[in-house]
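Source file: data_29.cif (mmCIF, C-alpha atoms and all ligand atoms)
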data_structure
loop_
_atom_site.label_atom_id
_atom_site.label_comp_id
_atom_site.auth_asym_id
_atom_site.auth_seq_id
_atom_site.Cartn_x
_atom_site.Cartn_y
_atom_site.Cartn_z
CA MET A 20 154.68 -90.24 85.96
CA ALA A 21 157.86 -91.19 87.79
CA CYS A 22 157.75 -91.04 91.55
CA ARG A 23 160.07 -89.10 93.74
CA PRO A 24 161.58 -91.00 96.64
CA HIS A 25 159.84 -90.41 99.96
CA PRO A 26 160.95 -87.34 101.87
CA ARG A 27 162.99 -88.28 104.90
CA ALA A 28 160.76 -89.21 107.81
CA VAL A 29 160.20 -86.55 110.46
CA LYS A 30 159.92 -88.09 113.92
CA ILE A 31 156.90 -86.96 115.92
CA ASP A 32 157.18 -88.01 119.53
CA ASP A 33 154.29 -86.07 120.96
CA HIS A 34 151.88 -88.67 122.39
CA ASP A 35 149.32 -85.94 123.08
CA LEU A 36 148.81 -85.55 119.34
CA MET A 37 147.34 -89.05 119.40
CA ASN A 38 144.84 -88.12 122.11
CA ILE A 39 145.32 -91.47 123.84
CA LEU A 40 142.73 -92.61 126.41
CA GLU A 41 144.69 -93.66 129.49
CA THR A 42 142.01 -94.61 132.01
CA VAL A 43 138.50 -95.97 132.04
CA THR A 44 135.86 -95.01 134.64
CA LEU A 45 133.98 -97.76 136.48
CA ARG A 46 130.32 -97.46 137.51
CA ASP A 47 131.36 -96.64 141.09
CA GLY A 48 133.39 -93.69 139.79
CA SER A 49 136.82 -95.28 140.35
CA LYS A 50 139.31 -95.42 137.50
CA ARG A 51 141.29 -98.26 135.94
CA LYS A 52 144.43 -97.78 133.84
CA LEU A 53 144.50 -98.94 130.21
CA LYS A 54 147.49 -100.56 128.51
CA CYS A 55 147.68 -100.04 124.77
CA ASP A 56 149.75 -101.51 121.94
CA SER A 57 152.78 -99.32 121.29
CA ASP A 58 153.58 -101.00 117.93
CA GLN A 59 150.25 -99.85 116.61
CA LEU A 60 150.83 -96.34 117.90
CA ASN A 61 154.19 -96.35 116.13
CA SER A 62 152.49 -97.32 112.87
CA LEU A 63 150.32 -94.22 113.18
CA LYS A 64 153.35 -92.07 113.88
CA THR A 65 154.95 -93.42 110.70
CA ILE A 66 151.81 -92.46 108.76
CA GLN A 67 151.88 -88.98 110.27
CA SER A 68 155.49 -88.51 109.28
CA VAL A 69 155.33 -89.76 105.67
CA PRO A 70 153.25 -87.32 103.57
CA GLU A 71 152.38 -89.97 100.95
CA LEU A 72 150.94 -92.18 103.70
CA THR A 73 149.02 -89.34 105.33
CA GLN A 74 147.43 -88.56 101.97
CA LEU A 75 146.74 -92.21 101.40
CA PHE A 76 144.91 -92.66 104.69
CA ASP A 77 142.87 -89.51 104.14
CA ALA A 78 141.86 -91.09 100.83
CA VAL A 79 141.21 -94.55 102.34
CA ALA A 80 138.84 -92.90 104.80
CA THR A 81 136.75 -91.32 102.06
CA GLU A 82 137.20 -93.47 98.90
CA GLU A 83 135.49 -96.82 98.66
CA ASP A 84 137.63 -98.09 95.77
CA ILE A 85 140.84 -97.67 97.72
CA ARG A 86 139.31 -99.47 100.71
CA LYS A 87 138.28 -102.40 98.53
CA PHE A 88 141.74 -102.52 97.00
CA LEU A 89 143.70 -102.33 100.28
CA TRP A 90 141.40 -103.91 102.88
CA ARG A 91 142.39 -107.44 102.07
CA HIS A 92 143.79 -110.29 104.04
CA ARG A 93 147.57 -110.04 103.65
CA HIS A 94 147.81 -113.47 102.07
CA ASP A 95 145.53 -112.37 99.25
CA TYR A 96 148.33 -110.18 97.85
CA MET A 97 150.88 -112.94 97.78
CA PRO A 98 151.07 -115.14 94.72
CA PHE A 99 153.83 -117.39 96.12
CA LYS A 100 152.73 -119.67 98.92
CA GLY A 101 154.78 -119.23 102.09
CA VAL A 102 156.66 -116.20 100.77
CA VAL A 103 155.80 -112.84 102.31
CA LEU A 104 155.97 -110.74 99.17
CA PRO A 105 152.87 -108.79 98.14
CA ILE A 106 152.63 -108.27 94.39
CA PHE A 107 150.14 -106.61 92.04
CA TYR A 108 149.80 -107.06 88.30
CA ASP A 109 148.36 -104.91 85.53
CA GLU A 110 148.49 -104.50 81.75
CA SER A 111 148.79 -101.40 79.58
CA MET A 112 146.27 -102.72 77.05
CA PRO A 113 144.19 -104.96 79.25
CA PHE A 114 143.97 -108.55 78.12
CA ARG A 115 145.25 -107.92 74.62
CA ASP A 116 145.95 -110.85 72.40
CA HIS A 117 148.65 -113.11 73.80
CA ASP A 118 148.65 -115.44 70.79
CA PRO A 119 152.05 -114.25 69.54
CA LEU A 120 153.60 -115.14 72.90
CA ALA A 121 151.81 -118.45 72.95
CA TYR A 122 152.97 -119.02 69.40
CA GLU A 123 156.53 -118.07 70.36
CA ALA A 124 156.29 -120.55 73.21
CA SER A 125 154.81 -123.34 71.11
CA LYS A 126 157.26 -122.69 68.31
CA SER A 127 160.13 -122.93 70.75
CA ASP A 128 158.53 -126.00 72.15
CA ALA A 129 158.40 -127.49 68.69
CA GLU A 130 161.99 -126.53 67.95
CA LEU A 131 162.96 -127.96 71.25
CA ARG A 132 161.43 -131.27 70.34
CA VAL A 133 162.93 -131.25 66.87
CA HIS A 134 166.43 -130.05 67.59
CA VAL A 135 167.24 -130.82 71.15
CA TYR A 136 165.11 -133.73 72.02
CA ASP A 137 168.12 -135.54 73.33
CA ALA A 138 169.22 -132.62 75.53
CA LEU A 139 165.75 -132.16 76.87
CA ASN A 140 165.57 -135.79 77.81
CA ARG A 141 168.63 -135.28 79.93
CA PHE A 142 167.60 -131.84 81.14
CA LEU A 143 164.06 -132.49 82.33
CA PRO A 144 164.93 -134.89 85.13
CA ILE A 145 167.18 -132.28 86.76
CA LEU A 146 164.81 -129.32 86.25
CA PRO A 147 162.97 -129.81 89.57
CA ASP A 148 166.33 -129.70 91.38
CA ILE A 149 167.23 -126.41 89.78
CA LEU A 150 163.90 -124.82 90.55
CA ALA A 151 164.00 -126.13 94.10
CA GLY A 152 167.39 -124.45 94.47
CA PHE A 153 165.89 -121.16 93.35
CA GLU A 154 163.00 -121.52 95.72
CA GLU A 155 165.31 -122.06 98.67
CA GLN A 156 167.54 -119.18 97.73
CA PHE A 157 164.53 -116.96 97.24
CA GLN A 158 162.94 -117.76 100.58
CA GLU A 159 166.22 -117.26 102.35
CA THR A 160 166.67 -113.82 100.84
CA THR A 161 163.13 -112.60 101.45
CA ALA A 162 163.31 -113.83 105.03
CA LYS A 163 166.30 -111.54 105.42
CA LEU A 164 164.51 -108.54 103.92
CA PRO A 165 165.17 -105.94 106.60
CA SER A 166 162.44 -103.61 107.75
CA LEU A 167 163.62 -100.38 106.31
CA GLU A 168 162.74 -96.78 106.82
CA THR A 169 165.28 -94.36 105.47
CA GLU A 170 165.68 -93.38 101.84
CA ARG A 171 168.91 -95.24 101.39
CA GLU A 172 167.40 -98.37 102.84
CA GLU A 173 164.39 -97.99 100.58
CA GLU A 174 166.79 -98.09 97.65
CA ILE A 175 168.39 -101.29 98.90
CA ARG A 176 165.02 -102.85 99.46
CA THR A 177 163.89 -101.87 95.97
CA GLU A 178 166.96 -103.57 94.61
CA ILE A 179 166.41 -106.73 96.59
CA VAL A 180 162.71 -106.98 95.87
CA THR A 181 163.21 -106.29 92.19
CA ARG A 182 165.92 -108.89 91.90
CA GLU A 183 163.98 -111.51 93.77
CA VAL A 184 160.73 -110.93 91.96
CA THR A 185 162.58 -111.15 88.70
CA ASN A 186 164.39 -114.30 89.73
CA ARG A 187 161.26 -115.94 90.89
CA ILE A 188 159.08 -115.01 87.97
CA ILE A 189 161.56 -115.48 85.22
CA GLN A 190 163.50 -118.12 87.08
CA MET A 191 166.53 -118.23 84.82
CA TYR A 192 166.84 -114.72 83.48
CA SER A 193 169.29 -113.24 85.96
CA GLU A 194 172.91 -113.58 85.02
CA ASP A 195 173.84 -115.53 88.13
CA GLY A 196 170.89 -117.84 87.75
CA LEU A 197 171.73 -118.31 84.12
CA ARG A 198 175.30 -119.20 84.92
CA LYS A 199 174.20 -121.68 87.53
CA VAL A 200 171.72 -123.30 85.21
CA VAL A 201 174.16 -123.38 82.32
CA ASN A 202 176.79 -125.00 84.51
CA THR A 203 174.40 -127.61 85.76
CA ILE A 204 172.96 -128.41 82.39
CA THR A 205 176.22 -128.37 80.50
CA SER A 206 177.60 -131.09 82.68
CA ARG A 207 174.59 -133.22 81.86
CA ALA A 208 173.62 -132.22 78.35
CA GLY A 209 176.85 -130.98 76.77
CA ASP A 210 176.71 -128.72 73.72
CA LEU A 211 172.99 -129.05 73.20
CA VAL A 212 172.34 -126.66 76.06
CA VAL A 213 172.11 -123.33 74.23
CA PRO A 214 169.10 -124.02 72.00
CA ALA A 215 167.37 -125.70 74.91
CA LEU A 216 167.78 -122.63 77.13
CA ALA A 217 166.66 -120.17 74.45
CA SER A 218 163.51 -122.18 74.00
CA ILE A 219 162.83 -122.43 77.72
CA PHE A 220 163.11 -118.64 78.02
CA SER A 221 160.46 -118.14 75.36
CA ILE A 222 158.17 -120.54 77.13
CA TRP A 223 158.69 -118.57 80.32
CA LYS A 224 157.54 -115.28 78.82
CA TYR A 225 154.20 -116.86 78.12
CA GLY A 226 154.34 -118.46 81.57
CA ALA A 227 154.97 -115.09 83.23
CA LEU A 228 152.00 -113.55 81.41
CA GLN A 229 149.72 -116.38 82.45
CA PHE A 230 151.05 -116.16 85.99
CA GLY A 231 150.32 -112.41 86.11
CA ARG A 232 146.82 -112.78 84.69
CA LYS A 233 145.97 -115.56 87.13
CA HIS A 234 147.16 -113.43 90.05
CA LEU A 235 145.14 -110.47 88.77
CA GLU A 236 142.06 -112.66 88.55
CA ASN A 237 142.54 -113.67 92.22
CA LEU A 238 143.07 -110.04 93.23
CA LEU A 239 139.81 -109.05 91.55
CA VAL A 240 137.93 -111.81 93.36
CA SER A 241 139.38 -110.86 96.74
CA SER A 242 138.68 -107.13 96.30
CA ARG A 243 135.25 -107.59 94.66
CA GLN A 244 136.33 -104.88 92.22
CA SER A 245 135.71 -104.69 88.49
CA TYR A 246 138.88 -104.59 86.40
CA GLU A 247 138.33 -100.88 85.67
CA GLU A 248 138.08 -100.06 89.40
CA TYR A 249 141.16 -102.15 90.15
CA HIS A 250 143.16 -100.54 87.34
CA ARG A 251 142.19 -97.01 88.38
CA THR A 252 143.08 -97.68 92.02
CA LEU A 253 146.43 -99.26 91.15
CA LYS A 254 147.35 -96.25 88.98
CA GLN A 255 146.46 -93.93 91.88
CA LEU A 256 148.65 -95.85 94.31
CA ALA A 257 151.54 -95.78 91.84
CA ASP A 258 151.22 -92.22 90.49
CA ARG A 259 149.31 -90.14 93.04
CA PHE A 260 150.66 -91.67 96.25
CA CYS A 261 153.94 -93.10 94.90
CA LEU A 262 153.48 -96.22 97.05
CA LEU A 263 153.60 -98.89 94.32
CA SER A 264 156.59 -99.44 92.01
CA PRO A 265 156.99 -101.52 88.88
CA ALA A 266 159.36 -104.47 89.40
CA THR A 267 159.29 -106.35 86.11
CA SER A 268 157.45 -105.77 82.85
CA LEU A 269 156.83 -108.18 80.02
CA VAL A 270 156.56 -106.34 76.69
CA TRP A 271 155.16 -107.98 73.57
CA CYS A 272 153.78 -107.14 70.14
CA THR A 273 150.17 -108.27 69.76
CA GLN A 274 150.36 -108.02 65.95
CA CYS A 275 153.48 -109.86 64.82
CA ARG A 276 152.57 -113.51 64.75
CA LYS A 277 155.03 -114.83 62.24
CA HIS A 278 158.07 -113.35 63.98
CA PRO A 279 156.92 -112.67 67.54
CA GLN A 280 158.56 -109.69 69.26
CA SER A 281 158.88 -109.63 73.03
CA TYR A 282 161.22 -108.75 75.90
CA PHE A 283 161.44 -108.30 79.66
CA ALA A 284 162.11 -104.89 81.26
CA VAL A 285 163.43 -104.96 84.80
CA ALA A 286 163.18 -102.22 87.45
CA SER A 287 162.09 -99.38 85.18
CA GLN A 288 160.73 -96.21 86.84
CA ASP A 289 157.47 -96.60 84.92
CA PRO A 290 156.15 -99.45 82.81
CA PRO A 291 157.98 -99.11 79.47
CA VAL A 292 156.28 -97.68 76.38
CA SER A 293 157.56 -99.47 73.28
CA THR A 294 157.00 -99.56 69.54
CA CYS A 295 157.42 -102.91 67.81
CA PRO A 296 160.68 -102.92 65.78
CA VAL A 297 158.95 -104.90 63.00
CA CYS A 298 155.40 -103.56 62.55
CA LYS A 299 155.77 -100.23 64.44
CA SER A 300 152.57 -100.71 66.44
CA GLU A 301 152.51 -99.98 70.18
CA MET A 302 153.52 -103.03 72.20
CA ALA A 303 151.42 -104.43 75.06
CA VAL A 304 152.96 -104.34 78.55
CA GLY A 305 152.19 -106.56 81.56
CA THR A 306 153.75 -105.19 84.76
CA PHE A 307 154.34 -106.68 88.20
CA TYR A 308 154.21 -104.02 90.94
CA TYR A 309 155.38 -104.22 94.54
CA PRO A 310 154.41 -101.94 97.46
CA LYS A 311 157.17 -99.70 98.81
CA SER A 312 158.33 -100.42 102.34
CA PRO A 313 156.05 -98.12 104.40
CA LEU A 314 152.98 -99.52 102.66
CA ALA A 315 154.32 -103.10 102.60
CA LYS A 316 154.72 -102.97 106.37
CA LEU A 317 151.15 -101.75 106.88
CA LEU A 318 149.73 -104.42 104.57
CA ASP A 319 151.50 -107.04 106.66
CA ALA A 320 149.84 -105.93 109.93
CA ARG A 321 147.61 -108.48 111.66
CA ASP A 322 144.34 -106.71 110.87
CA GLY A 323 145.79 -105.50 107.57
CA LEU A 324 145.33 -101.97 106.43
CA LEU A 325 141.73 -102.07 107.70
CA GLY A 326 142.86 -102.13 111.35
CA THR A 327 145.16 -99.18 110.75
CA THR A 328 142.38 -97.27 108.96
CA VAL A 329 140.13 -97.69 111.99
CA HIS A 330 142.88 -96.36 114.27
CA TRP A 331 143.63 -93.48 111.93
CA SER A 332 139.96 -92.49 111.90
CA LEU A 333 139.70 -92.65 115.69
CA ARG A 334 142.80 -90.49 115.94
CA GLU A 335 141.13 -87.97 113.61
CA SER A 336 137.80 -88.07 115.42
CA GLY A 337 138.73 -85.70 118.22
CA ARG A 338 137.84 -88.30 120.85
CA SER A 339 140.22 -89.92 123.33
CA TRP A 340 140.90 -93.45 122.18
CA ALA A 341 143.44 -96.30 122.38
CA PRO A 342 144.53 -99.21 120.13
CA GLY A 343 145.19 -102.83 121.22
CA VAL A 344 143.76 -102.33 124.73
CA TYR A 345 143.98 -104.28 128.00
CA VAL A 346 142.50 -103.04 131.29
CA GLU A 347 145.09 -103.20 134.07
CA GLY A 348 144.25 -105.70 136.79
CA LEU A 349 141.32 -107.21 134.91
CA ALA A 350 141.50 -111.03 135.02
CA ASP A 351 140.63 -112.95 131.81
CA ASP A 352 140.83 -109.77 129.77
CA THR A 353 141.40 -110.18 126.03
CA GLU A 354 142.75 -107.53 123.69
CA LYS A 355 140.24 -105.02 122.31
CA ASP A 356 141.24 -103.74 118.87
CA ALA A 357 140.26 -100.21 119.92
CA VAL A 358 138.27 -98.37 122.59
CA PHE A 359 137.12 -94.75 122.62
CA GLN A 360 135.52 -92.28 124.99
CA MET A 361 131.82 -91.49 124.55
CA GLU A 362 130.31 -88.03 125.19
CA ASP A 363 129.43 -89.21 128.69
CA GLU A 364 132.83 -89.62 130.33
CA ASN A 365 131.66 -92.69 132.21
CA GLU A 366 130.96 -94.58 128.99
CA ILE A 367 133.21 -96.05 126.31
CA GLY A 368 132.80 -97.60 122.88
CA ILE A 369 134.70 -100.63 121.58
CA VAL A 370 135.68 -101.47 118.00
CA GLU A 371 136.55 -104.88 116.57
CA SER A 372 138.47 -104.85 113.23
CA LYS A 373 138.28 -107.99 111.11
CA VAL A 374 139.97 -108.83 107.83
CA HIS A 375 138.94 -112.07 106.13
CA HIS A 376 139.98 -113.99 103.01
CA LEU A 377 137.37 -112.79 100.57
CA ASP A 378 137.85 -115.64 98.13
CA SER A 379 135.87 -117.81 100.57
CA PRO A 380 132.29 -118.85 99.70
CA GLY A 381 129.44 -116.58 100.90
CA ARG A 382 128.33 -119.10 103.52
CA THR A 383 131.80 -119.13 105.10
CA LEU A 384 131.86 -115.34 105.22
CA GLU A 385 128.43 -115.32 106.87
CA SER A 386 129.63 -117.66 109.61
CA GLN A 387 132.72 -115.50 110.06
CA ILE A 388 130.56 -112.42 110.66
CA ARG A 389 128.61 -114.45 113.21
CA GLU A 390 131.87 -115.36 115.01
CA ASP A 391 133.05 -111.76 114.89
CA LEU A 392 129.80 -110.56 116.46
CA ASN A 393 130.06 -113.26 119.13
CA GLN A 394 133.51 -111.98 119.96
CA LEU A 395 132.19 -108.43 120.14
CA SER A 396 129.41 -109.45 122.53
CA ASN A 397 131.94 -111.33 124.68
CA HIS A 398 134.01 -108.15 124.85
CA TRP A 399 130.92 -106.32 126.07
CA ARG A 400 130.25 -108.99 128.73
CA THR A 401 133.83 -108.92 130.04
CA TYR A 402 133.67 -105.16 130.49
CA ASP A 403 130.14 -105.22 131.87
CA LYS A 404 131.20 -107.77 134.50
CA ALA A 405 134.08 -105.46 135.45
CA ASP A 406 131.59 -102.57 135.85
CA ILE A 407 132.80 -100.77 132.76
CA HIS A 408 129.93 -99.15 130.90
CA VAL A 409 130.16 -99.87 127.14
CA SER A 410 127.41 -98.03 125.26
CA SER A 411 128.58 -98.74 121.67
CA ALA A 412 130.16 -101.85 120.15
CA TYR A 413 131.19 -101.67 116.48
CA LEU A 414 132.49 -104.25 114.05
CA VAL A 415 134.44 -102.99 111.02
CA THR A 416 134.95 -105.73 108.42
CA ASN A 417 136.21 -106.14 104.86
CA ILE A 418 133.31 -108.48 104.08
CA PRO A 419 131.15 -106.77 101.43
CA GLN A 420 127.87 -105.24 102.51
CA CYS A 421 125.88 -107.41 100.09
CA VAL A 422 127.10 -110.53 101.93
CA GLY A 423 127.04 -109.16 105.48
CA ALA A 424 123.86 -107.10 105.57
CA SER A 425 121.65 -110.10 104.78
CA VAL A 426 122.75 -112.01 107.88
CA VAL A 427 123.62 -109.31 110.40
CA ASP A 428 120.00 -108.27 111.07
CA ASN A 429 119.07 -111.89 111.79
CA ILE A 430 122.05 -112.41 114.09
CA LEU A 431 121.42 -109.21 116.03
CA SER A 432 117.76 -110.10 116.56
CA LEU A 433 118.79 -113.28 118.43
CA LYS A 434 118.15 -113.12 122.15
CA GLU A 435 121.83 -113.18 123.17
CA PHE A 436 122.34 -109.97 121.20
CA SER A 437 119.02 -108.19 121.61
CA GLU A 438 119.30 -108.32 125.39
CA ILE A 439 122.59 -106.41 125.36
CA PRO A 440 121.81 -102.78 126.31
CA CYS A 441 124.31 -101.32 123.86
CA ASP A 442 124.35 -99.99 120.29
CA ILE A 443 125.84 -102.79 118.13
CA GLU A 444 126.62 -101.94 114.49
CA VAL A 445 128.55 -103.45 111.59
CA PHE A 446 130.43 -101.36 109.01
CA TYR A 447 131.59 -102.58 105.59
CA PRO A 448 134.00 -101.18 102.99
CA GLU A 449 130.93 -99.56 101.40
CA THR A 450 129.70 -97.92 104.62
CA PHE A 451 132.90 -97.02 106.45
CA GLU A 452 132.12 -93.33 106.11
CA ASP A 453 129.09 -93.91 108.38
CA PHE A 454 131.52 -95.20 111.01
CA ARG A 455 133.55 -92.03 110.69
CA ASP A 456 130.42 -89.89 111.02
CA ILE A 457 129.31 -91.76 114.14
CA ILE A 458 132.64 -91.46 115.95
CA SER A 459 133.41 -87.91 114.94
CA GLU A 460 132.73 -85.45 117.72
CA GLU A 461 130.39 -82.62 116.81
ZN ZN B 1 154.90 -106.04 65.71
#
C-alpha cells encoding of this file:
Amino acid sequence: MACRPHPRAVKIDDHDLMNILETVTLRDGSKRKLKCDSDQLNSLKTIQSVPELTQLFDAVATEEDIRKFLWRHRHDYMPFKGVVLPIFYDESMPFRDHDPLAYEASKSDAELRVHVYDALNRFLPILPDILAGFEEQFQETTAKLPSLETEREEEIRTEIVTREVTNRIIQMYSEDGLRKVVNTITSRAGDLVVPALASIFSIWKYGALQFGRKHLENLLVSSRQSYEEYHRTLKQLADRFCLLSPATSLVWCTQCRKHPQSYFAVASQDPPVSTCPVCKSEMAVGTFYYPKSPLAKLLDARDGLLGTTVHWSLRESGRSWAPGVYVEGLADDTEKDAVFQMEDENEIGIVESKVHHLDSPGRTLESQIREDLNQLSNHWRTYDKADIHVSSAYLVTNIPQCVGASVVDNILSLKEFSEIPCDIEVFYPETFEDFRDIISEE
C-alpha cells in the first residue's frame, strides 16, 4: 500500500494541554519553581500535530512488538559507522536462495580475471581512493541534511536520503558517481574499463544483499525480536503508520542460475513486485527502508523513542508532570528525565529513562541496570536533602525483562536501596503497560 504524504502540521501552542507541573512543594509547605526542557515539550507537540505519530505513540504504549522494534539505542539503527542515517532492511521472500547472485558475482569475478586482468591490476590500487572520495562526499551531504517539517521539505529530504543511501550502498551506480569513476579509471586503465565496471557492478549486487542481511541480523539482536515479529512490525510502520519508506530495492530471480536475472530499483513507492523475464517466476526483493523525518528526529533523541514514550504516557495520564527537570535554586541538581505529581500534592514521583545498546553481553547489561538504579537513588537523595518528598522512583529501560528481572531484586534488597522510604520499580519493554497503569489517575 502506498503512503500518502503527511498532512500539513497543525501548530498547537496551548501549554495547558500538556498539563505541565510548574512547582514542587517542600516539606515546610513552601514551593520551588521547576524548569523543564522545552525541546522535549516541542517533540510532544510535533507528535500531537502529526496524526501518523499520534497513532504510532498510542500503539507504542500498548504493543510490545513496536516497543521492541523502536526502543533501541540510536546507533543500533545505523549500519555506517559515524554516519547518522538510520536504515532498516527486509526481504519479500525472507532469506531466499542468493546463489544466482553469488554465481553472477563469481562469474563476473572469473570474467574479470580472464578478460581484464591487466585493467584490474591497474584499477585495484586506486579503488580505495575512489571509495574514500565517496565516503567524504556522503558524510558531507548527510551532515547538511536539514531538519525538515513541511511536506515540501519532506520531499527534498526523501530525495537526498534516497540518493545518498543508493550512492553509499551501490557506490558506483549513480550517474555522477559512474562518470567520476569512469573518468578516473579511464585515465589509468584505458579501454579495458567497461568490462571491468560491468563486473564490479555484479559483484556489488551480491555485496548489497550481504550488507542488508548482516544489518538485519544486527537489528534482530538489538531488538530481541524473531524475524517474524520484526517483519510484521516493519510492515506496520511502513503501511499502517506511513513512517518508513523504501529507499533502494535489490530484485533477483532465485531460479535462474545459468543466466542470473537481477536489478536495482531506486525510490519506488513500494518494494517492486517483479516476474523474471526468463523463467516467469516471482523475483525475490531485498529492500532498504529509511524513517521519514518526524520519526527519524525522534529516533535520534538522547533517550531514543523510549524517552519520548515515557513523556507521552505521562502526558496522557491526567497527572501534572514535566520533562527534563531542574529545581530552581537547588545547588548540585542534575536533570531528572521526568517528574510527576502524586495524589498527595506534597509528593512527587521521578522517572529515569534509559536506552542501552542491546548487543552487549548480559553481564554488561546487568551492570548497566545497577548503574541506572544508583542514579535513581541519587536523584532521590538530592531531592530528599532539599526537603522534596519523592514517594515513587521508576526506571524505564529497553533492557529485556529476562535479563533485568534476575538482578533487580538482588540490587533492590541491598541496604543502600532497602533503606530508601520510597517505591522503587523497574519497567521493561515487556511490562511498560504496568507503568502506564501505575501512573494513570483513577
Ligand atoms: Zn528466472
If we count all atoms listed in the file, what is near Tyr447 of chain A at a cut-off of 7 Å, once residues fewer than 5 positions away on the same chain are taken out, given as a JSON list (two decimals) with C-alpha atoms, keeping the file's coordinate frame?
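Writing done, so here's selection.json:
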[["chain", "number", "residue", "atom", "x", "y", "z"],
["A", 415, "VAL", "CA", 134.44, -102.99, 111.02],
["A", 416, "THR", "CA", 134.95, -105.73, 108.42],
["A", 417, "ASN", "CA", 136.21, -106.14, 104.86],
["A", 418, "ILE", "CA", 133.31, -108.48, 104.08],
["A", 419, "PRO", "CA", 131.15, -106.77, 101.43],
["A", 420, "GLN", "CA", 127.87, -105.24, 102.51]]
Would you give me, as JSON lines, each residue of chain A having an atom within 12 Å of an atom of ligand ZN 1 (chain B), along with its shortest atom pair and that distance in Å to one decimal, using only C-alpha atoms and all ligand atoms and sorting by chain and residue number?
{"residue": "A:Pro119", "atom": "CA", "partner": "B:ZN1", "partner_atom": "ZN", "distance": 9.5}
{"residue": "A:Leu120", "atom": "CA", "partner": "B:ZN1", "partner_atom": "ZN", "distance": 11.7}
{"residue": "A:Val270", "atom": "CA", "partner": "B:ZN1", "partner_atom": "ZN", "distance": 11.1}
{"residue": "A:Trp271", "atom": "CA", "partner": "B:ZN1", "partner_atom": "ZN", "distance": 8.1}
{"residue": "A:Cys272", "atom": "CA", "partner": "B:ZN1", "partner_atom": "ZN", "distance": 4.7}
{"residue": "A:Thr273", "atom": "CA", "partner": "B:ZN1", "partner_atom": "ZN", "distance": 6.6}
{"residue": "A:Gln274", "atom": "CA", "partner": "B:ZN1", "partner_atom": "ZN", "distance": 5.0}
{"residue": "A:Cys275", "atom": "CA", "partner": "B:ZN1", "partner_atom": "ZN", "distance": 4.2}
{"residue": "A:Arg276", "atom": "CA", "partner": "B:ZN1", "partner_atom": "ZN", "distance": 7.9}
{"residue": "A:Lys277", "atom": "CA", "partner": "B:ZN1", "partner_atom": "ZN", "distance": 9.5}
{"residue": "A:His278", "atom": "CA", "partner": "B:ZN1", "partner_atom": "ZN", "distance": 8.2}
{"residue": "A:Pro279", "atom": "CA", "partner": "B:ZN1", "partner_atom": "ZN", "distance": 7.2}
{"residue": "A:Gln280", "atom": "CA", "partner": "B:ZN1", "partner_atom": "ZN", "distance": 6.3}
{"residue": "A:Ser281", "atom": "CA", "partner": "B:ZN1", "partner_atom": "ZN", "distance": 9.1}
{"residue": "A:Ser293", "atom": "CA", "partner": "B:ZN1", "partner_atom": "ZN", "distance": 10.4}
{"residue": "A:Thr294", "atom": "CA", "partner": "B:ZN1", "partner_atom": "ZN", "distance": 7.8}
{"residue": "A:Cys295", "atom": "CA", "partner": "B:ZN1", "partner_atom": "ZN", "distance": 4.5}
{"residue": "A:Pro296", "atom": "CA", "partner": "B:ZN1", "partner_atom": "ZN", "distance": 6.6}
{"residue": "A:Val297", "atom": "CA", "partner": "B:ZN1", "partner_atom": "ZN", "distance": 5.0}
{"residue": "A:Cys298", "atom": "CA", "partner": "B:ZN1", "partner_atom": "ZN", "distance": 4.0}
{"residue": "A:Lys299", "atom": "CA", "partner": "B:ZN1", "partner_atom": "ZN", "distance": 6.0}
{"residue": "A:Ser300", "atom": "CA", "partner": "B:ZN1", "partner_atom": "ZN", "distance": 5.9}
{"residue": "A:Glu301", "atom": "CA", "partner": "B:ZN1", "partner_atom": "ZN", "distance": 7.9}
{"residue": "A:Met302", "atom": "CA", "partner": "B:ZN1", "partner_atom": "ZN", "distance": 7.3}
{"residue": "A:Ala303", "atom": "CA", "partner": "B:ZN1", "partner_atom": "ZN", "distance": 10.1}
If you count only C-alpha atoms, which residues fall within 9 Å of Arg243 of chain A, apart from same-chain ones fewer than 3 positions away, as a tab-separated table (two decimals) with C-alpha atoms, in the frame of the given file?
chain	number	residue	atom	x	y	z
A	87	LYS	CA	138.28	-102.40	98.53
A	88	PHE	CA	141.74	-102.52	97.00
A	238	LEU	CA	143.07	-110.04	93.23
A	239	LEU	CA	139.81	-109.05	91.55
A	240	VAL	CA	137.93	-111.81	93.36
A	377	LEU	CA	137.37	-112.79	100.57
A	419	PRO	CA	131.15	-106.77	101.43
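In this structure, atom CA of Gly381 of chain A sits 19.5 Å away from atom CA of Arg93 of chain A.
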Grab all the atoms of segment 430-433 of chain A that the file lists, wrap them in a box along x, y and z, add 6 Å per side, and give me centre plus edge lengths in Å (one decimal) as AutoDock Vina command-line options.
--center_x 119.9 --center_y -111.2 --center_z 116.3 --size_x 16.3 --size_y 16.1 --size_z 16.3
So which residues touch Glu354 of chain A within 9 Å, counting only C-alpha atoms, skipping near sequence neighbours fewer than 5 positions away, as a ChimeraX atom specification?
-> /A:343-346,398
All residues 9 Å or closer to Arg232 of chain A, all atoms listed in the file, same chain fewer than 2 positions away omitted, as a VMD selection string | chain A and resid 108 to 110 114 227 to 230 234 to 237 305
Store the residues of this selection in a file with C-alpha atoms, as a PDB file, in the coordinates of the input.
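Resulting contents of out21.pdb:
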ATOM      1  CA  TYR A 108     149.800-107.060  88.300  1.00  0.00           C
ATOM      2  CA  ASP A 109     148.360-104.910  85.530  1.00  0.00           C
ATOM      3  CA  GLU A 110     148.490-104.500  81.750  1.00  0.00           C
ATOM      4  CA  PHE A 114     143.970-108.550  78.120  1.00  0.00           C
ATOM      5  CA  ALA A 227     154.970-115.090  83.230  1.00  0.00           C
ATOM      6  CA  LEU A 228     152.000-113.550  81.410  1.00  0.00           C
ATOM      7  CA  GLN A 229     149.720-116.380  82.450  1.00  0.00           C
ATOM      8  CA  PHE A 230     151.050-116.160  85.990  1.00  0.00           C
ATOM      9  CA  HIS A 234     147.160-113.430  90.050  1.00  0.00           C
ATOM     10  CA  LEU A 235     145.140-110.470  88.770  1.00  0.00           C
ATOM     11  CA  GLU A 236     142.060-112.660  88.550  1.00  0.00           C
ATOM     12  CA  ASN A 237     142.540-113.670  92.220  1.00  0.00           C
ATOM     13  CA  GLY A 305     152.190-106.560  81.560  1.00  0.00           C
TER      14      GLY A 305
END
Can you pull out every residue within 7 Å of Lys311 of chain A, counting only C-alpha atoms, but drop anything in the same chain fewer than 6 positions away, and send it as a ChimeraX atom specification?
-> /A:262-264
